[in-house]
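Next comes run-v6.cif, a file with mmCIF, C-alpha atoms.
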data_coords
#
loop_
_atom_site.label_atom_id
_atom_site.label_comp_id
_atom_site.auth_asym_id
_atom_site.auth_seq_id
_atom_site.Cartn_x
_atom_site.Cartn_y
_atom_site.Cartn_z
CA MET P 2 -20.01 8.94 -17.49
CA SER P 3 -19.64 7.09 -14.23
CA THR P 4 -21.22 8.09 -10.98
CA VAL P 5 -17.91 8.74 -9.25
CA THR P 6 -14.65 9.71 -10.94
CA ASN P 7 -12.29 6.75 -11.05
CA ASP P 8 -8.85 7.27 -9.50
CA SER P 9 -6.29 5.59 -11.74
CA THR P 10 -3.69 5.61 -8.98
CA ALA P 11 -5.85 3.66 -6.55
CA PRO P 12 -5.13 -0.03 -6.04
CA GLN P 13 -7.09 -2.47 -8.14
CA ALA P 14 -10.44 -3.39 -6.62
CA PRO P 15 -11.09 -6.97 -5.73
CA ALA P 16 -13.85 -8.85 -7.51
CA PHE P 17 -17.39 -7.92 -6.48
CA THR P 18 -18.76 -10.85 -4.51
CA GLY P 19 -22.23 -9.57 -3.54
CA ARG P 20 -25.57 -10.38 -5.13
CA ARG P 21 -25.30 -8.45 -8.37
CA TRP P 22 -29.00 -8.34 -9.13
CA LEU P 23 -29.61 -6.30 -5.94
CA PHE P 24 -27.25 -3.49 -6.96
CA PRO P 25 -27.35 -0.88 -9.72
CA SER P 26 -25.15 -1.69 -12.69
CA ALA P 27 -23.30 1.65 -12.35
CA VAL P 28 -22.27 0.82 -8.77
CA ILE P 29 -21.15 -2.70 -9.74
CA HIS P 30 -19.16 -1.22 -12.61
CA GLU P 31 -17.31 1.06 -10.17
CA LEU P 32 -16.74 -1.65 -7.57
CA ASP P 33 -15.65 -4.27 -10.07
CA ALA P 34 -14.57 -2.64 -13.32
CA ASP P 35 -12.95 -5.82 -14.64
CA GLY P 36 -15.74 -8.18 -13.67
CA ALA P 37 -18.68 -6.04 -14.87
CA SER P 38 -20.37 -7.46 -17.94
CA PRO P 39 -20.76 -4.79 -20.66
CA GLY P 40 -23.74 -4.66 -22.96
CA ARG P 41 -23.77 -4.18 -26.71
CA SER P 42 -23.22 -0.43 -26.33
CA GLY P 43 -20.17 -0.96 -24.13
CA ARG P 44 -22.03 0.21 -21.02
CA PRO P 45 -22.60 -2.01 -17.98
CA ARG P 46 -25.36 -4.53 -18.55
CA ARG P 47 -28.60 -3.82 -16.66
CA THR P 48 -29.19 -5.85 -13.54
CA ALA P 49 -32.57 -7.14 -12.35
CA ARG P 50 -32.80 -4.12 -10.07
CA ASP P 51 -32.17 -1.77 -13.01
CA TRP P 52 -34.94 -3.40 -15.02
CA ALA P 53 -37.35 -3.09 -12.09
CA VAL P 54 -36.50 0.59 -11.60
CA ASP P 55 -36.72 1.37 -15.33
CA ILE P 56 -40.10 -0.35 -15.65
CA THR P 57 -41.38 1.51 -12.58
CA CYS P 58 -40.19 4.86 -13.96
CA PHE P 59 -41.78 4.13 -17.35
CA VAL P 60 -45.11 3.11 -15.79
CA LEU P 61 -45.08 6.19 -13.51
CA SER P 62 -44.34 8.49 -16.45
CA ALA P 63 -47.09 6.83 -18.50
CA LEU P 64 -49.67 7.17 -15.71
CA ILE P 65 -48.87 10.85 -15.21
CA GLY P 66 -48.96 11.29 -18.98
CA LEU P 67 -52.40 9.62 -19.24
CA ALA P 68 -53.72 11.87 -16.49
CA GLY P 69 -52.35 14.87 -18.37
CA ALA P 70 -53.84 13.61 -21.63
CA GLU P 71 -57.33 13.42 -20.07
CA THR P 72 -56.91 16.94 -18.73
CA VAL P 73 -55.82 18.24 -22.13
CA SER P 74 -58.65 16.40 -23.94
CA GLY P 75 -61.25 17.73 -21.52
CA ASP P 76 -60.03 21.33 -21.68
CA PRO P 77 -62.27 23.27 -24.12
CA ALA P 78 -59.65 26.03 -24.33
CA THR P 79 -57.10 23.68 -25.90
CA PRO P 80 -57.43 23.17 -29.67
CA HIS P 81 -57.75 19.61 -30.90
CA GLY P 82 -54.55 19.80 -32.97
CA LEU P 83 -52.56 21.06 -30.00
CA ALA P 84 -53.97 18.25 -27.85
CA VAL P 85 -52.87 15.66 -30.44
CA VAL P 86 -49.36 17.16 -30.59
CA ASP P 87 -49.21 17.27 -26.76
CA GLN P 88 -50.20 13.61 -26.43
CA THR P 89 -47.80 12.51 -29.17
CA LEU P 90 -44.89 14.33 -27.57
CA GLY P 91 -45.88 12.88 -24.20
CA ALA P 92 -45.80 9.33 -25.61
CA LEU P 93 -42.39 9.94 -27.15
CA ALA P 94 -41.14 11.36 -23.83
CA CYS P 95 -42.31 8.24 -22.01
CA ALA P 96 -40.57 6.04 -24.56
CA ALA P 97 -37.38 8.08 -24.15
CA ILE P 98 -37.26 7.10 -20.47
CA TRP P 99 -35.52 3.89 -21.57
CA LEU P 100 -32.58 6.06 -22.72
CA ARG P 101 -32.20 7.90 -19.43
CA ARG P 102 -29.12 5.93 -18.30
CA ARG P 103 -27.26 6.50 -21.56
CA TRP P 104 -27.95 10.22 -22.06
CA PRO P 105 -29.17 11.68 -18.75
CA VAL P 106 -28.07 15.27 -19.49
CA ALA P 107 -29.48 15.43 -23.03
CA LEU P 108 -32.77 13.80 -22.00
CA ALA P 109 -33.27 16.12 -19.01
CA ALA P 110 -32.49 19.20 -21.13
CA ALA P 111 -34.83 18.10 -23.94
CA LEU P 112 -37.76 17.32 -21.62
CA THR P 113 -37.25 20.61 -19.75
CA ALA P 114 -37.45 22.49 -23.03
CA LEU P 115 -40.51 20.40 -23.97
CA GLY P 116 -42.38 21.41 -20.80
CA PRO P 117 -44.17 24.53 -22.18
CA ILE P 118 -45.39 22.54 -25.20
CA ALA P 119 -46.37 19.13 -23.83
CA VAL P 120 -48.13 18.87 -20.48
CA THR P 121 -48.27 15.08 -20.82
CA ALA P 122 -44.44 14.95 -20.72
CA GLY P 123 -44.41 16.24 -17.12
CA GLY P 124 -43.98 12.81 -15.55
CA ALA P 125 -41.14 11.91 -17.90
CA GLY P 126 -39.53 15.25 -17.08
CA LEU P 127 -39.55 14.48 -13.34
CA VAL P 128 -37.97 11.07 -13.99
CA ALA P 129 -35.33 12.70 -16.21
CA LEU P 130 -34.43 15.21 -13.46
CA PHE P 131 -34.20 12.39 -10.93
CA THR P 132 -31.87 10.44 -13.26
CA LEU P 133 -29.75 13.54 -13.86
CA ALA P 134 -29.30 14.08 -10.12
CA VAL P 135 -28.30 10.42 -9.63
CA HIS P 136 -25.75 10.11 -12.44
CA ARG P 137 -24.25 13.57 -12.85
CA PRO P 138 -22.52 16.15 -10.60
CA PHE P 139 -24.43 19.03 -9.05
CA ARG P 140 -23.43 21.60 -11.70
CA TYR P 141 -25.60 19.85 -14.29
CA VAL P 142 -28.47 19.60 -11.82
CA ALA P 143 -28.13 23.27 -10.93
CA TRP P 144 -28.39 24.46 -14.53
CA ILE P 145 -31.07 22.14 -15.86
CA GLY P 146 -33.04 21.88 -12.60
CA GLY P 147 -32.90 25.66 -12.18
CA ALA P 148 -34.21 26.13 -15.72
CA SER P 149 -37.04 23.67 -15.04
CA LEU P 150 -38.05 25.53 -11.87
CA ALA P 151 -37.90 28.86 -13.67
CA LEU P 152 -40.20 27.58 -16.44
CA ILE P 153 -42.91 26.33 -14.03
CA PRO P 154 -44.71 29.70 -13.66
CA LEU P 155 -44.60 30.21 -17.43
CA VAL P 156 -45.91 26.71 -18.22
CA LEU P 157 -48.79 27.01 -15.75
CA TRP P 158 -49.59 30.48 -17.03
CA LEU P 159 -49.83 29.24 -20.62
CA ARG P 160 -51.43 25.89 -19.71
CA PRO P 161 -53.29 26.49 -16.43
CA GLU P 162 -54.44 23.62 -14.22
CA PRO P 163 -58.25 23.60 -14.26
CA ASP P 164 -58.70 22.07 -10.79
CA LEU P 165 -56.18 24.20 -8.87
CA PRO P 166 -55.64 27.93 -8.50
CA TYR P 167 -52.51 29.31 -10.14
CA PRO P 168 -50.43 29.89 -6.94
CA ALA P 169 -51.23 26.45 -5.54
CA ALA P 170 -50.40 24.81 -8.87
CA VAL P 171 -47.03 26.61 -9.04
CA VAL P 172 -46.10 25.65 -5.48
CA LEU P 173 -47.19 22.02 -5.91
CA THR P 174 -45.31 21.59 -9.18
CA ALA P 175 -42.19 23.22 -7.74
CA LEU P 176 -42.34 20.91 -4.71
CA LEU P 177 -42.64 17.86 -6.95
CA THR P 178 -39.65 19.01 -9.02
CA LEU P 179 -37.53 19.72 -5.93
CA SER P 180 -38.54 16.36 -4.46
CA ALA P 181 -37.39 14.51 -7.59
CA ILE P 182 -34.08 16.40 -7.64
CA GLY P 183 -33.53 15.98 -3.90
CA TRP P 184 -34.28 12.27 -3.99
CA GLY P 185 -31.86 11.81 -6.88
CA MET P 186 -29.10 13.69 -5.01
CA PHE P 187 -29.75 11.54 -1.94
CA VAL P 188 -29.37 8.36 -4.00
CA ARG P 189 -26.16 9.71 -5.53
CA SER P 190 -24.72 10.55 -2.10
CA LYS P 191 -25.47 7.02 -0.86
CA ARG P 192 -23.68 5.54 -3.85
CA GLN P 193 -20.69 7.83 -3.38
CA LEU P 194 -20.54 6.88 0.30
CA MET P 195 -20.60 3.18 -0.62
CA LEU P 196 -17.81 3.65 -3.14
CA SER P 197 -15.73 5.76 -0.75
CA LEU P 198 -16.06 3.15 2.00
CA ARG P 199 -15.08 0.41 -0.43
CA ASP P 200 -12.11 2.47 -1.60
CA ARG P 201 -11.08 3.15 2.00
CA ALA P 202 -11.25 -0.55 2.86
CA ARG P 203 -9.28 -1.36 -0.28
CA ARG P 204 -6.59 1.14 0.64
CA ALA P 205 -6.48 -0.16 4.22
CA GLU P 206 -5.95 -3.69 2.92
CA THR P 207 -3.18 -2.46 0.62
CA GLU P 208 -1.48 -0.54 3.42
CA ALA P 209 -1.70 -3.56 5.72
CA ARG P 210 -0.16 -5.74 3.02
CA LEU P 211 2.62 -3.21 2.45
CA ARG P 212 3.31 -3.00 6.18
CA ALA P 213 3.49 -6.78 6.38
CA GLU P 214 5.85 -6.90 3.39
CA GLN P 215 8.01 -4.20 4.93
CA ALA P 216 8.15 -6.08 8.23
CA GLN P 217 9.14 -9.25 6.39
CA ARG P 218 11.80 -7.38 4.45
CA LEU P 219 13.25 -5.85 7.62
CA ALA P 220 13.26 -9.26 9.30
CA ARG P 221 15.03 -10.80 6.32
CA GLU P 222 17.59 -8.00 6.28
CA ALA P 223 18.23 -8.50 9.99
CA ILE P 224 18.67 -12.25 9.50
CA ALA P 225 20.96 -11.71 6.49
CA ARG P 226 23.02 -9.21 8.48
CA GLU P 227 23.29 -11.65 11.39
CA MET P 228 24.30 -14.48 9.06
CA HIS P 229 27.01 -12.33 7.50
CA ASP P 230 28.35 -11.14 10.85
CA VAL P 231 28.48 -14.62 12.37
CA LEU P 232 29.25 -16.97 9.48
CA ALA P 233 31.80 -14.74 7.77
CA HIS P 234 33.93 -14.75 10.92
CA ARG P 235 33.69 -18.53 11.32
CA LEU P 236 34.35 -19.29 7.66
CA THR P 237 37.41 -17.02 7.47
CA LEU P 238 38.87 -18.91 10.43
CA LEU P 239 38.24 -22.15 8.56
CA SER P 240 39.90 -20.71 5.45
CA VAL P 241 42.98 -19.57 7.34
CA HIS P 242 43.58 -22.93 9.03
CA ALA P 243 42.77 -24.92 5.90
CA GLY P 244 45.27 -22.79 3.99
CA ALA P 245 47.87 -23.38 6.65
CA LEU P 246 47.42 -27.14 6.35
CA GLU P 247 47.63 -26.89 2.56
CA PHE P 248 50.80 -24.81 2.36
CA ARG P 249 52.59 -26.33 5.39
CA PRO P 250 52.90 -30.04 4.60
CA ASP P 251 56.01 -30.18 6.80
CA ALA P 252 54.13 -29.02 9.93
CA SER P 253 54.46 -31.11 13.05
CA ARG P 254 51.77 -33.46 14.23
CA GLU P 255 50.96 -31.11 17.11
CA GLU P 256 50.46 -28.14 14.76
CA ILE P 257 48.30 -30.19 12.41
CA ALA P 258 46.22 -31.49 15.31
CA ARG P 259 45.78 -27.98 16.71
CA ALA P 260 44.74 -26.58 13.32
CA ALA P 261 42.36 -29.46 12.76
CA GLY P 262 40.85 -28.87 16.20
CA VAL P 263 40.28 -25.19 15.42
CA ILE P 264 38.73 -26.14 12.07
CA ARG P 265 36.43 -28.64 13.76
CA ALA P 266 35.42 -26.16 16.50
CA SER P 267 34.84 -23.35 13.99
CA ALA P 268 32.79 -25.63 11.74
CA HIS P 269 30.75 -26.77 14.73
CA GLU P 270 30.09 -23.17 15.80
CA ALA P 271 29.19 -22.15 12.25
CA LEU P 272 26.76 -25.05 11.91
CA GLN P 273 25.17 -24.23 15.24
CA ASP P 274 24.77 -20.57 14.28
CA LEU P 275 23.32 -21.56 10.92
CA ARG P 276 20.92 -24.01 12.60
CA GLU P 277 19.63 -21.26 14.90
CA ILE P 278 19.10 -18.84 12.03
CA ILE P 279 17.27 -21.47 9.97
CA GLY P 280 15.14 -22.21 13.02
CA VAL P 281 14.17 -18.56 13.20
CA LEU P 282 13.22 -18.63 9.51
CA ARG P 283 11.05 -21.72 9.99
CA ALA P 284 9.37 -20.59 13.20
CA GLY P 285 8.89 -16.99 12.11
CA GLU P 286 10.09 -15.67 15.48
CA PRO P 287 13.29 -15.78 17.55
CA ASP P 288 13.95 -18.79 19.72
CA ASP P 289 14.34 -17.61 23.29
CA ALA P 290 15.89 -20.96 24.24
CA GLY P 291 18.85 -20.46 21.86
CA ARG P 292 22.35 -19.40 22.79
CA PRO P 293 22.73 -15.91 24.29
CA GLN P 294 23.96 -13.26 21.89
CA PRO P 295 27.58 -12.16 22.48
CA THR P 296 28.10 -8.75 24.07
CA LEU P 297 31.12 -6.64 24.94
CA GLY P 298 32.17 -9.11 27.63
CA ALA P 299 32.83 -11.75 24.93
CA LEU P 300 35.35 -9.54 23.13
CA ASP P 301 38.30 -11.28 24.82
CA THR P 302 37.08 -14.64 23.54
CA LEU P 303 36.74 -13.25 20.02
CA VAL P 304 40.32 -11.93 20.08
CA ALA P 305 41.57 -15.26 21.46
CA GLU P 306 39.90 -17.15 18.60
CA SER P 307 41.55 -14.84 16.09
CA ARG P 308 44.93 -15.30 17.71
CA GLN P 309 44.52 -19.06 17.59
CA ALA P 310 43.91 -18.68 13.85
CA GLY P 311 47.34 -17.06 13.54
CA MET P 312 46.30 -13.41 13.50
CA LYS P 313 48.29 -10.75 15.30
CA VAL P 314 45.70 -8.90 17.35
CA THR P 315 46.24 -6.22 19.98
CA LEU P 316 43.25 -5.51 22.19
CA VAL P 317 43.15 -2.21 24.06
CA HIS P 318 40.15 -2.54 26.37
CA GLN P 319 39.62 0.72 28.27
CA VAL P 320 36.08 0.04 29.53
CA ALA P 321 36.23 -0.48 33.27
CA ASP P 322 33.09 -2.61 33.60
CA PRO P 323 31.97 -4.26 30.32
CA SER P 324 28.95 -5.78 32.06
CA ALA P 325 27.59 -2.28 32.69
CA VAL P 326 27.27 -1.64 28.96
CA PRO P 327 23.64 -2.14 27.75
CA ALA P 328 23.16 -5.46 26.01
CA SER P 329 22.07 -3.94 22.69
CA VAL P 330 25.04 -1.55 22.62
CA GLY P 331 27.48 -4.27 23.65
CA ARG P 332 26.12 -6.65 21.01
CA THR P 333 26.56 -4.00 18.30
CA ALA P 334 30.09 -3.21 19.50
CA TYR P 335 30.95 -6.92 19.42
CA ARG P 336 29.68 -7.24 15.83
CA ILE P 337 31.69 -4.19 14.75
CA ALA P 338 34.89 -5.62 16.24
CA GLN P 339 34.11 -9.02 14.71
CA GLU P 340 33.57 -7.57 11.25
CA GLY P 341 36.75 -5.48 11.55
CA LEU P 342 38.80 -8.59 12.35
CA THR P 343 37.13 -10.52 9.53
CA ASN P 344 37.90 -7.78 7.00
CA ALA P 345 41.53 -7.56 8.16
CA ARG P 346 41.87 -11.33 7.85
CA LYS P 347 40.48 -11.26 4.29
CA HIS P 348 42.07 -8.08 2.89
CA ALA P 349 45.27 -7.68 4.92
CA PRO P 350 46.41 -11.15 5.97
CA GLY P 351 49.51 -11.29 8.13
CA THR P 352 49.23 -7.73 9.44
CA GLU P 353 48.79 -6.75 13.07
CA VAL P 354 45.27 -5.60 13.89
CA THR P 355 44.54 -3.25 16.76
CA VAL P 356 41.14 -3.26 18.44
CA ARG P 357 40.56 -0.31 20.76
CA VAL P 358 37.42 0.00 22.89
CA SER P 359 36.84 2.96 25.20
CA GLY P 360 34.01 4.93 26.72
CA ALA P 361 31.95 5.64 29.80
CA PRO P 362 28.29 6.23 30.66
CA GLY P 363 27.21 9.57 29.20
CA ASP P 364 30.18 9.78 26.80
CA GLY P 365 29.28 6.83 24.61
CA LEU P 366 31.23 3.80 23.49
CA THR P 367 33.96 4.09 20.84
CA ILE P 368 35.24 1.11 18.86
CA ILE P 369 38.28 1.48 16.56
CA VAL P 370 39.70 -1.36 14.47
CA THR P 371 42.85 -0.55 12.49
CA ASN P 372 45.32 -2.51 10.42
CA PRO P 373 48.32 -1.47 8.29
CA ALA P 374 48.62 -2.10 4.58
CA PRO P 375 49.33 -5.69 3.53
CA ASP P 376 52.85 -6.60 2.41
CA GLY P 377 51.85 -7.68 -1.09
CA ASP P 378 48.91 -7.90 -3.44
CA VAL P 379 45.83 -9.58 -2.00
CA PRO P 380 43.34 -11.32 -4.32
CA HIS P 381 39.95 -9.67 -4.57
CA VAL P 382 37.31 -11.23 -2.35
CA PRO P 383 33.77 -11.43 -3.90
CA GLY P 384 31.07 -9.54 -2.03
CA SER P 385 33.47 -7.20 -0.27
CA GLY P 386 31.94 -4.20 1.48
CA GLN P 387 28.55 -5.72 2.24
CA GLY P 388 29.42 -6.29 5.88
CA LEU P 389 30.48 -2.68 6.42
CA ILE P 390 27.25 -1.49 4.82
CA GLY P 391 25.28 -3.67 7.21
CA LEU P 392 27.32 -2.45 10.18
CA THR P 393 26.71 1.17 9.23
CA GLU P 394 22.98 0.51 9.21
CA ARG P 395 23.19 -1.40 12.50
CA ALA P 396 25.08 1.47 14.17
CA THR P 397 22.60 4.01 12.82
CA LEU P 398 19.66 2.00 14.15
CA ALA P 399 21.37 1.93 17.55
CA GLY P 400 21.58 5.74 17.51
CA GLY P 401 25.29 5.89 16.72
CA ARG P 402 27.50 6.24 13.67
CA LEU P 403 30.17 4.27 11.84
CA GLU P 404 32.92 5.47 9.52
CA HIS P 405 35.39 3.38 7.58
CA GLY P 406 38.04 3.95 4.96
CA PRO P 407 41.76 3.83 4.10
CA ARG P 408 44.32 5.65 6.19
CA ALA P 409 47.17 7.85 5.02
CA ASP P 410 49.74 5.05 5.54
CA GLY P 411 47.80 2.67 3.29
CA GLY P 412 46.07 0.83 6.11
CA PHE P 413 42.38 0.64 6.89
CA GLU P 414 40.34 1.88 9.82
CA VAL P 415 36.84 1.22 11.10
CA ARG P 416 35.66 3.77 13.67
CA ALA P 417 32.29 3.61 15.41
CA TRP P 418 30.58 5.48 18.18
CA LEU P 419 27.55 4.15 20.04
CA PRO P 420 25.43 5.93 22.63
CA TRP P 421 25.83 4.79 26.23
CA GLY P 422 23.53 6.75 28.48
#
Translate this file's structure into structure tokens.
Amino acid sequence: MSTVTNDSTAPQAPAFTGRRWLFPSAVIHELDADGASPGRSGRPRRTARDWAVDITCFVLSALIGLAGAETVSGDPATPHGLAVVDQTLGALACAAIWLRRRWPVALAAALTALGPIAVTAGGAGLVALFTLAVHRPFRYVAWIGGASLALIPLVLWLRPEPDLPYPAAVVLTALLTLSAIGWGMFVRSKRQLMLSLRDRARRAETEARLRAEQAQRLAREAIAREMHDVLAHRLTLLSVHAGALEFRPDASREEIARAAGVIRASAHEALQDLREIIGVLRAGEPDDAGRPQPTLGALDTLVAESRQAGMKVTLVHQVADPSAVPASVGRTAYRIAQEGLTNARKHAPGTEVTVRVSGAPGDGLTIIVTNPAPDGDVPHVPGSGQGLIGLTERATLAGGRLEHGPRADGGFEVRAWLPWG
């Protein structure tokens, strides 16, 4: 059983990079479960520190056992056969110290029960209680340690200490037992603190990585939304004029030149927008020296571009002072109108689109883009609906709302409201 219960839901611990020989094998096993080297029994292999501690515990148990053996041999009240049994059991108890890491509970219980019979096993019993307190929870220590303390008066009554009075012997033995248990609990608490700090640092690293990934994802979504809003408008203009050149071979030179000029200008604008977005991706941050983002004041230019592409657009601009609209709100309103015109151009070509903008400080800004049903069947456009999903999220982030859907007459309407305080 491990020192601290392993949480299966916790993130995987990184490899232990410290000096392994300075740490207990149980702690290394908890800190680095994958990198710990198991022994033949499947348990963590002893480190140099473990061997030093085990040898020290064995020598200490043997010295206390030898002192007890001399006391038993020199006691005339102890029969020779009982002294031989006592010393034999004491030697076996000292040898069992090497098993204390594998079976701490069983060893502590056995040596506690052996106390009234073998005085020479007292040192091994103290080591077993110390090991129990280090490797097992307090409930085991409470039961076995409590039983050991309760047996002290009985053991000293049956096998009195010749050099100390009975009360002093009881108090001294109880203090030694409590000291061994207390020291073991202290060692266990230090190990648990080390593991908890390591787990906290591991979780902090995981949370930081998740926050960084979330920030990257949000940045990518913002860039993808901006690319869709900008490039979709430019590319639909290119498609409209290219289609006009394809299906109007009898157009005049002036019409062909005008369409080619719009195609060239739209391609130039699309390339410039794409270059800025790629620059943001490479630099990792926006370029403050780039072109200013369009706001509500650029809505007339947007409608003029659409009209040049052959669209029938009616703009109802009921905002007295577009420059008074906050930049973030105006930019969102511009994108909503742009996406509405782009959708009408793709899904209802040839229809008349109405763009209505109204509002005042305190009442908010309302943007409505409507178009009637197309005259005939329109081919399905791949990826339809993604722009409206992005606009809904953009409006929500701005504190507003956006609704879209078909109308009763078969047309389509995009309605948005943005706060303007």
query = So which residues touch stretch 123-132 of chain P within 6 Å, counting only C-alpha atoms, skipping near sequence neighbours fewer than 4 positions away, as a list in words?
reply =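 Skipping anything fewer than 4 positions along the chain leaves Ser62, Ile65, Ala94, Cys95, Ala109, Leu112, Ala181, Ile182 and Gly185 of chain P.
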key: Sphere at (41.6, -3.6, 31.0), radius 12 Å, counting only C-alpha atoms: residues as an MDAnalysis selection string   = chainID P and resid 298 300:301 316:323 357:359
ask   = atom CA of P:Gly91 and atom CA of P:Val120 are how many Å apart?
value = 7.4 Å
query = Which is closer to P:Gly363 than all the others in P:Ala119, P:Leu177, P:Val326, P:Leu211, using only C-alpha atoms?
reply = P:Val326
query = atom CA of P:Glu306 to atom CA of P:Val263: how many Å, to one decimal?
reply =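 Atom-to-atom, atom CA of P:Glu306 and atom CA of P:Val263 are spaced 8.7 Å apart.
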inquiry  = Here is a test: counting only C-alpha atoms, which residue of P:Ala68, P:Leu173, P:Ala63, P:Leu342 is nearest to P:Val354?
reply    =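 Ranked by minimum distance to P:Val354, first place goes to P:Leu342.
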query = Evaluating the PyMOL selection byres ((chain P and resi 267) around 8) on the displayed file yields which residues, as number ranges by chain?
reply = P: 235-236, 238-239, 263-266, 268-271
task = Can you work out the spacing between atom CA of P:Leu275 and atom CA of P:Gln217 in Å, to one decimal?
result = 19.3 Å
inquiry  = So that I can see what lies close to stretch 371-377 of chain P, please list as a PyMOL selection string the residues with an atom at most 7 Å from it, counting all atoms listed in the file and leaving out residues fewer than 3 positions away in the same chain.
reply    = chain P and resi 345+349-350+352-356+411-415
Export, as an mmCIF file, in the coordinates of the input, the selected residues with C-alpha atoms.
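To be explicit, this is the file written out as out.cif:
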data_model
loop_
_atom_site.group_PDB
_atom_site.id
_atom_site.type_symbol
_atom_site.label_atom_id
_atom_site.label_comp_id
_atom_site.auth_asym_id
_atom_site.auth_seq_id
_atom_site.Cartn_x
_atom_site.Cartn_y
_atom_site.Cartn_z
ATOM 1 C CA ALA P 345 41.530 -7.560 8.160
ATOM 2 C CA ALA P 349 45.270 -7.680 4.920
ATOM 3 C CA PRO P 350 46.410 -11.150 5.970
ATOM 4 C CA THR P 352 49.230 -7.730 9.440
ATOM 5 C CA GLU P 353 48.790 -6.750 13.070
ATOM 6 C CA VAL P 354 45.270 -5.600 13.890
ATOM 7 C CA THR P 355 44.540 -3.250 16.760
ATOM 8 C CA VAL P 356 41.140 -3.260 18.440
ATOM 9 C CA GLY P 411 47.800 2.670 3.290
ATOM 10 C CA GLY P 412 46.070 0.830 6.110
ATOM 11 C CA PHE P 413 42.380 0.640 6.890
ATOM 12 C CA GLU P 414 40.340 1.880 9.820
ATOM 13 C CA VAL P 415 36.840 1.220 11.100
#
Once 6 Å is added on each side, what centre and edge lengths in Å to one decimal does the axis-aligned box around all listed atoms of stretch 342-359 of chain P have, as AutoDock Vina command-line options?
--center_x 43.2 --center_y -4.2 --center_z 14.0 --size_x 24.7 --size_y 26.3 --size_z 34.3
remark   = For P:Trp52, the closest of P:Gly66, P:Ala111, P:Arg102, P:Gly262 counting all atoms listed in the file is P:Arg102
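Distances to P:Leu115 were evaluated for P:Ala310, P:Ala134, P:Leu90, P:Ala148 using all atoms listed in the file, and the minimum falls at P:Leu90.
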Will you give me stretch 407-417 of chain P, written with N, CA, C and O atoms and laid out as a PDB file, in the first residue's frame?
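Once written, decode07.pdb looks like this:
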ATOM      1  N   PRO P 407     -35.743  32.568 -42.262  1.00  0.00           N
ATOM      2  CA  PRO P 407     -36.623  32.910 -43.392  1.00  0.00           C
ATOM      3  C   PRO P 407     -37.831  33.721 -42.932  1.00  0.00           C
ATOM      4  O   PRO P 407     -38.281  33.607 -41.789  1.00  0.00           O
ATOM      5  N   ARG P 408     -38.345  34.523 -43.858  1.00  0.00           N
ATOM      6  CA  ARG P 408     -39.535  35.302 -43.592  1.00  0.00           C
ATOM      7  C   ARG P 408     -40.759  34.596 -44.165  1.00  0.00           C
ATOM      8  O   ARG P 408     -40.656  33.592 -44.864  1.00  0.00           O
ATOM      9  N   ALA P 409     -41.928  35.156 -43.867  1.00  0.00           N
ATOM     10  CA  ALA P 409     -43.172  34.528 -44.330  1.00  0.00           C
ATOM     11  C   ALA P 409     -43.294  34.568 -45.848  1.00  0.00           C
ATOM     12  O   ALA P 409     -43.908  33.675 -46.457  1.00  0.00           O
ATOM     13  N   ASP P 410     -42.728  35.593 -46.513  1.00  0.00           N
ATOM     14  CA  ASP P 410     -42.836  35.706 -47.963  1.00  0.00           C
ATOM     15  C   ASP P 410     -41.769  34.913 -48.707  1.00  0.00           C
ATOM     16  O   ASP P 410     -41.635  35.036 -49.925  1.00  0.00           O
ATOM     17  N   GLY P 411     -40.979  34.110 -47.989  1.00  0.00           N
ATOM     18  CA  GLY P 411     -39.945  33.314 -48.621  1.00  0.00           C
ATOM     19  C   GLY P 411     -38.589  33.960 -48.627  1.00  0.00           C
ATOM     20  O   GLY P 411     -37.607  33.325 -49.047  1.00  0.00           O
ATOM     21  N   GLY P 412     -38.497  35.216 -48.184  1.00  0.00           N
ATOM     22  CA  GLY P 412     -37.213  35.882 -48.128  1.00  0.00           C
ATOM     23  C   GLY P 412     -36.424  35.499 -46.887  1.00  0.00           C
ATOM     24  O   GLY P 412     -36.740  34.524 -46.191  1.00  0.00           O
ATOM     25  N   PHE P 413     -35.403  36.275 -46.629  1.00  0.00           N
ATOM     26  CA  PHE P 413     -34.510  35.985 -45.497  1.00  0.00           C
ATOM     27  C   PHE P 413     -34.209  37.298 -44.778  1.00  0.00           C
ATOM     28  O   PHE P 413     -34.102  38.361 -45.408  1.00  0.00           O
ATOM     29  N   GLU P 414     -34.039  37.188 -43.463  1.00  0.00           N
ATOM     30  CA  GLU P 414     -33.802  38.391 -42.665  1.00  0.00           C
ATOM     31  C   GLU P 414     -32.739  38.108 -41.612  1.00  0.00           C
ATOM     32  O   GLU P 414     -32.735  37.052 -40.979  1.00  0.00           O
ATOM     33  N   VAL P 415     -31.847  39.068 -41.470  1.00  0.00           N
ATOM     34  CA  VAL P 415     -30.853  39.050 -40.398  1.00  0.00           C
ATOM     35  C   VAL P 415     -31.107  40.287 -39.550  1.00  0.00           C
ATOM     36  O   VAL P 415     -31.046  41.417 -40.052  1.00  0.00           O
ATOM     37  N   ARG P 416     -31.392  40.070 -38.261  1.00  0.00           N
ATOM     38  CA  ARG P 416     -31.719  41.170 -37.355  1.00  0.00           C
ATOM     39  C   ARG P 416     -30.780  41.090 -36.150  1.00  0.00           C
ATOM     40  O   ARG P 416     -30.675  40.041 -35.505  1.00  0.00           O
ATOM     41  N   ALA P 417     -30.124  42.218 -35.877  1.00  0.00           N
ATOM     42  CA  ALA P 417     -29.178  42.266 -34.752  1.00  0.00           C
ATOM     43  C   ALA P 417     -29.402  43.519 -33.942  1.00  0.00           C
ATOM     44  O   ALA P 417     -29.809  44.579 -34.484  1.00  0.00           O
TER      45      ALA P 417
END
